[in-house]
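Inspection log for the structure reproduced underneath, given as structure tokens.
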Amino acid sequence: MTDAPPLPNLFADIPAPAGHEEFREILSRPGWRIERIVSQGQVTPADAPYVQDHDEWVLLLAGKAVVALADRAVVLAPGDHLMIPAGAVHRVTFTDPAAPTIWLAVHFDR
């Protein structure tokens with residue numbers, strides 16, 4: 001289990017807007033990890049896409065986002081979710097700069 005302080009509610013302790021996203025681990029066990037991500041206008045640089053060696057499932061809890069995955073753009077609104085398979089090149093191309101975009105991300109081995 002993680003040593004991170006407990007997060008009593010996924011909407012608690014939302015950070016003030018900053019130049020970076022906030023990643024906060026909620027729970028971790030061998031082979032999987034759950035984290036909350038708060039974005040406020042940040043995007044993934046075009047020259048530094050994500051390519052992970054594990055699967056990731058994301059659920060958008062609040063805000064708006066667009067994820068470029070393979071040859072398509074996936075527009076996400078609250079309640080939308082997306083499976084990102086291991087090895088898939090992807091990047092976040094939009095998050096709402098006017099309000100927090102809150103994600104729940106589950107990272108897991110195949």
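Residue numbering restarts at 1 for every chain of the structure tokens, chains are lettered A, B, ... in their displayed order, and ligands are numbered from 1 as they appear.
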
Set out as a tab-separated table a contact list for stretch 15-65 of chain A and stretch 87-99 of chain A with a cut-off of 8 Å, giving each residue of stretch 15-65 of chain A that qualifies its closest atom pair and distance in Å to one decimal, counting only C-alpha atoms, ordered by chain and rising residue number.
residue	atom	partner	partner_atom	distance
A:Ser39	CA	A:Thr95	CA	6.4
A:Gln40	CA	A:Pro97	CA	4.9
A:Gly41	CA	A:Pro97	CA	3.8
A:Gln42	CA	A:Thr95	CA	6.1
A:Val43	CA	A:Val92	CA	5.1
A:Thr44	CA	A:Val92	CA	5.1
A:Pro45	CA	A:Arg91	CA	7.7
A:Ala46	CA	A:Arg91	CA	7.6
A:Pro49	CA	A:Arg91	CA	5.1
A:Tyr50	CA	A:His90	CA	5.4
A:Val51	CA	A:Val89	CA	5.0
A:Gln52	CA	A:Gly87	CA	5.5
A:Asp53	CA	A:Gly87	CA	5.8
A:His54	CA	A:Gly87	CA	7.4
A:Gly63	CA	A:Asp96	CA	6.2
A:Lys64	CA	A:Asp96	CA	5.5
A:Ala65	CA	A:Thr95	CA	4.4

How about saving the chosen residues, all heavy atoms kept, as a compact mmCIF listing (two decimals), in the first residue's frame?
# COMPACT_ATOMS: atom_id res chain seq x y z
N SER A 39 -5.88 18.13 -14.15
CA SER A 39 -5.30 18.95 -15.22
C SER A 39 -6.07 20.27 -15.27
O SER A 39 -7.27 20.30 -15.02
CB SER A 39 -5.46 18.25 -16.58
OG SER A 39 -5.01 16.92 -16.54
N GLN A 40 -5.35 21.32 -15.60
CA GLN A 40 -6.00 22.63 -15.71
C GLN A 40 -5.40 23.38 -16.89
O GLN A 40 -4.64 24.32 -16.73
CB GLN A 40 -5.84 23.39 -14.39
CG GLN A 40 -6.52 22.64 -13.25
CD GLN A 40 -6.52 23.39 -11.94
OE1 GLN A 40 -6.88 24.56 -11.89
NE2 GLN A 40 -6.12 22.72 -10.88
N GLY A 41 -5.71 22.87 -18.08
CA GLY A 41 -5.20 23.47 -19.31
C GLY A 41 -3.95 22.82 -19.84
O GLY A 41 -3.49 23.15 -20.93
N GLN A 42 -3.38 21.88 -19.11
CA GLN A 42 -2.15 21.23 -19.57
C GLN A 42 -2.45 20.23 -20.70
O GLN A 42 -3.52 19.64 -20.75
CB GLN A 42 -1.44 20.49 -18.43
CG GLN A 42 -0.89 21.37 -17.37
CD GLN A 42 -1.90 21.69 -16.27
OE1 GLN A 42 -2.99 21.18 -16.25
NE2 GLN A 42 -1.50 22.57 -15.36
N VAL A 43 -1.46 20.06 -21.57
CA VAL A 43 -1.51 19.07 -22.64
C VAL A 43 -0.16 18.37 -22.71
O VAL A 43 0.82 18.86 -22.16
CB VAL A 43 -1.85 19.72 -24.02
CG1 VAL A 43 -3.22 20.37 -23.99
CG2 VAL A 43 -0.78 20.70 -24.44
N THR A 44 -0.15 17.24 -23.39
CA THR A 44 1.09 16.50 -23.59
C THR A 44 1.83 17.13 -24.77
O THR A 44 1.24 17.30 -25.85
CB THR A 44 0.79 15.03 -23.91
OG1 THR A 44 -0.12 14.52 -22.95
CG2 THR A 44 2.06 14.20 -23.94
N PRO A 45 3.10 17.45 -24.63
CA PRO A 45 3.84 18.01 -25.77
C PRO A 45 3.81 17.06 -26.97
O PRO A 45 3.90 15.83 -26.81
CB PRO A 45 5.26 18.16 -25.24
CG PRO A 45 5.12 18.22 -23.75
CD PRO A 45 3.93 17.35 -23.42
N ALA A 46 3.67 17.61 -28.16
CA ALA A 46 3.59 16.81 -29.39
C ALA A 46 4.82 15.93 -29.57
O ALA A 46 4.73 14.83 -30.11
CB ALA A 46 3.39 17.71 -30.59
N PRO A 49 4.95 12.12 -26.64
CA PRO A 49 3.73 11.37 -26.33
C PRO A 49 4.02 10.27 -25.31
O PRO A 49 5.17 9.87 -25.10
CB PRO A 49 3.34 10.78 -27.68
CG PRO A 49 4.62 10.65 -28.42
CD PRO A 49 5.44 11.84 -27.98
N TYR A 50 2.95 9.82 -24.69
CA TYR A 50 3.05 8.69 -23.75
C TYR A 50 3.06 7.38 -24.52
O TYR A 50 2.30 7.21 -25.48
CB TYR A 50 1.86 8.66 -22.79
CG TYR A 50 1.79 9.81 -21.84
CD1 TYR A 50 0.81 10.79 -21.99
CD2 TYR A 50 2.65 9.91 -20.76
CE1 TYR A 50 0.72 11.84 -21.09
CE2 TYR A 50 2.57 10.96 -19.86
CZ TYR A 50 1.59 11.93 -20.04
OH TYR A 50 1.50 12.97 -19.16
N VAL A 51 3.90 6.45 -24.10
CA VAL A 51 3.89 5.06 -24.55
C VAL A 51 4.22 4.26 -23.30
O VAL A 51 5.34 4.33 -22.81
CB VAL A 51 4.93 4.77 -25.66
CG1 VAL A 51 4.83 3.32 -26.10
CG2 VAL A 51 4.74 5.71 -26.84
N GLN A 52 3.25 3.54 -22.79
CA GLN A 52 3.42 2.85 -21.51
C GLN A 52 3.54 1.35 -21.72
O GLN A 52 3.00 0.81 -22.69
CB GLN A 52 2.21 3.16 -20.61
CG GLN A 52 2.07 4.63 -20.36
CD GLN A 52 0.73 5.04 -19.76
OE1 GLN A 52 0.68 6.03 -19.07
NE2 GLN A 52 -0.34 4.32 -20.03
N ASP A 53 4.21 0.69 -20.80
CA ASP A 53 4.37 -0.76 -20.90
C ASP A 53 3.26 -1.51 -20.15
O ASP A 53 3.36 -2.70 -19.92
CB ASP A 53 5.75 -1.20 -20.40
CG ASP A 53 5.99 -0.83 -18.95
OD1 ASP A 53 5.11 -0.20 -18.31
OD2 ASP A 53 7.07 -1.18 -18.43
N HIS A 54 2.20 -0.79 -19.78
CA HIS A 54 1.06 -1.39 -19.10
C HIS A 54 -0.23 -0.78 -19.66
O HIS A 54 -0.19 0.27 -20.30
CB HIS A 54 1.15 -1.13 -17.58
CG HIS A 54 1.19 0.32 -17.24
ND1 HIS A 54 2.37 1.03 -17.18
CD2 HIS A 54 0.21 1.21 -16.99
CE1 HIS A 54 2.11 2.30 -16.90
NE2 HIS A 54 0.79 2.43 -16.78
N GLY A 63 -14.76 18.18 -15.90
CA GLY A 63 -14.03 18.95 -16.89
C GLY A 63 -14.22 18.42 -18.30
O GLY A 63 -15.20 17.72 -18.59
N LYS A 64 -13.27 18.74 -19.16
CA LYS A 64 -13.30 18.35 -20.57
C LYS A 64 -11.88 17.98 -20.98
O LYS A 64 -10.92 18.58 -20.50
CB LYS A 64 -13.77 19.50 -21.45
CG LYS A 64 -15.12 20.05 -21.13
CD LYS A 64 -15.40 21.28 -21.96
CE LYS A 64 -16.57 22.05 -21.39
NZ LYS A 64 -16.67 23.40 -21.93
N ALA A 65 -11.78 17.01 -21.89
CA ALA A 65 -10.45 16.61 -22.37
C ALA A 65 -10.57 16.00 -23.76
O ALA A 65 -11.63 15.51 -24.15
CB ALA A 65 -9.81 15.62 -21.41

Using only C-alpha atoms, which residues sit within 7 Å of A:Ile84 once same-chain residues fewer than 3 positions away are excluded, as a CSV table (one decimal) with N, CA and C atoms, in the first residue's frame?
chain,number,residue,atom,x,y,z
A,55,ASP,N,-1.3,-1.5,-19.4
A,55,ASP,CA,-2.6,-0.9,-19.8
A,55,ASP,C,-3.1,0.2,-18.9
A,56,GLU,N,-3.9,1.1,-19.4
A,56,GLU,CA,-4.4,2.2,-18.5
A,56,GLU,C,-5.9,2.4,-18.9
A,57,TRP,N,-6.7,2.5,-17.9
A,57,TRP,CA,-8.1,2.8,-18.1
A,57,TRP,C,-8.4,4.1,-17.4
A,88,ALA,N,0.4,1.7,-26.8
A,88,ALA,CA,-0.3,2.7,-27.6
A,88,ALA,C,0.3,4.0,-27.5

Inset, instruction - May I ask for the distance between atom CA of A:Ile102 and atom CA of A:Ala62, given in Å to one decimal place? - result: 5.0 Å

Legend entry - Every residue of stretch 38-92 of chain A that DSSP places in strand (DSSP E), as a ChimeraX atom specification: /A:38-39,55-62,65-69,72-76,81-84,90-92

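Distances from A:Asp47, A:Glu25, A:Asp80, A:Asp13 to A:His107 were compared using only C-alpha atoms, and the smallest one belongs to A:Glu25.
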
Legend entry - Near-A:Ile14 list (12 Å; only C-alpha atoms; drop same-chain fewer than 3 positions) as a list in words: Leu7, Asn9, Leu10, Phe11, Pro17, Ala18, Glu21, Glu22, Phe23, Arg24, Arg36, Ile37, Val38, Ser39, Gln40, Ala62, Ala99, Pro100, Thr101, Ile102 and Trp103 of chain A

Dump of C-alpha atoms for the selected residues, as a PDB file, in the first residue's frame:
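Below is the file that was written, selection.pdb:
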ATOM      1  CA  LEU A   7      -7.766  11.117   0.030  1.00  0.00           C
ATOM      2  CA  ASN A   9     -13.017  12.142  -1.516  1.00  0.00           C
ATOM      3  CA  LEU A  10     -11.858  12.287  -5.147  1.00  0.00           C
ATOM      4  CA  PHE A  11     -13.036  15.916  -5.318  1.00  0.00           C
ATOM      5  CA  PRO A  17      -4.088  26.206 -11.066  1.00  0.00           C
ATOM      6  CA  ALA A  18      -0.384  25.669 -11.698  1.00  0.00           C
ATOM      7  CA  GLU A  21      -0.723  18.478 -13.611  1.00  0.00           C
ATOM      8  CA  GLU A  22      -1.173  16.899 -10.199  1.00  0.00           C
ATOM      9  CA  PHE A  23      -0.874  13.106  -9.966  1.00  0.00           C
ATOM     10  CA  ARG A  24      -2.020  11.603  -6.668  1.00  0.00           C
ATOM     11  CA  ARG A  36      -6.312  10.833  -9.480  1.00  0.00           C
ATOM     12  CA  ILE A  37      -5.018  13.311 -12.037  1.00  0.00           C
ATOM     13  CA  VAL A  38      -5.980  16.986 -12.019  1.00  0.00           C
ATOM     14  CA  SER A  39      -5.305  18.949 -15.221  1.00  0.00           C
ATOM     15  CA  GLN A  40      -5.999  22.633 -15.710  1.00  0.00           C
ATOM     16  CA  ALA A  62     -15.049  16.460 -14.220  1.00  0.00           C
ATOM     17  CA  ALA A  99     -11.940  24.592 -14.680  1.00  0.00           C
ATOM     18  CA  PRO A 100     -10.223  21.511 -13.257  1.00  0.00           C
ATOM     19  CA  THR A 101     -10.297  18.375 -15.369  1.00  0.00           C
ATOM     20  CA  ILE A 102     -10.314  15.460 -12.941  1.00  0.00           C
ATOM     21  CA  TRP A 103      -9.373  11.975 -14.105  1.00  0.00           C
TER      22      TRP A 103
END

Inset, instruction - In Å, rounded to a single decimal, give me how far atom CA of A:Leu59 is from atom CA of A:Pro78. - result: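 It comes out at 7.9 Å.
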
Inset, instruction - Point out the residue among A:Leu104, A:Ile34, A:Val58, A:Leu27 with the least atom-to-atom distance to A:Pro85, counting only C-alpha atoms. - result: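 Counting only C-alpha atoms, the residue closest to A:Pro85 is A:Val58.
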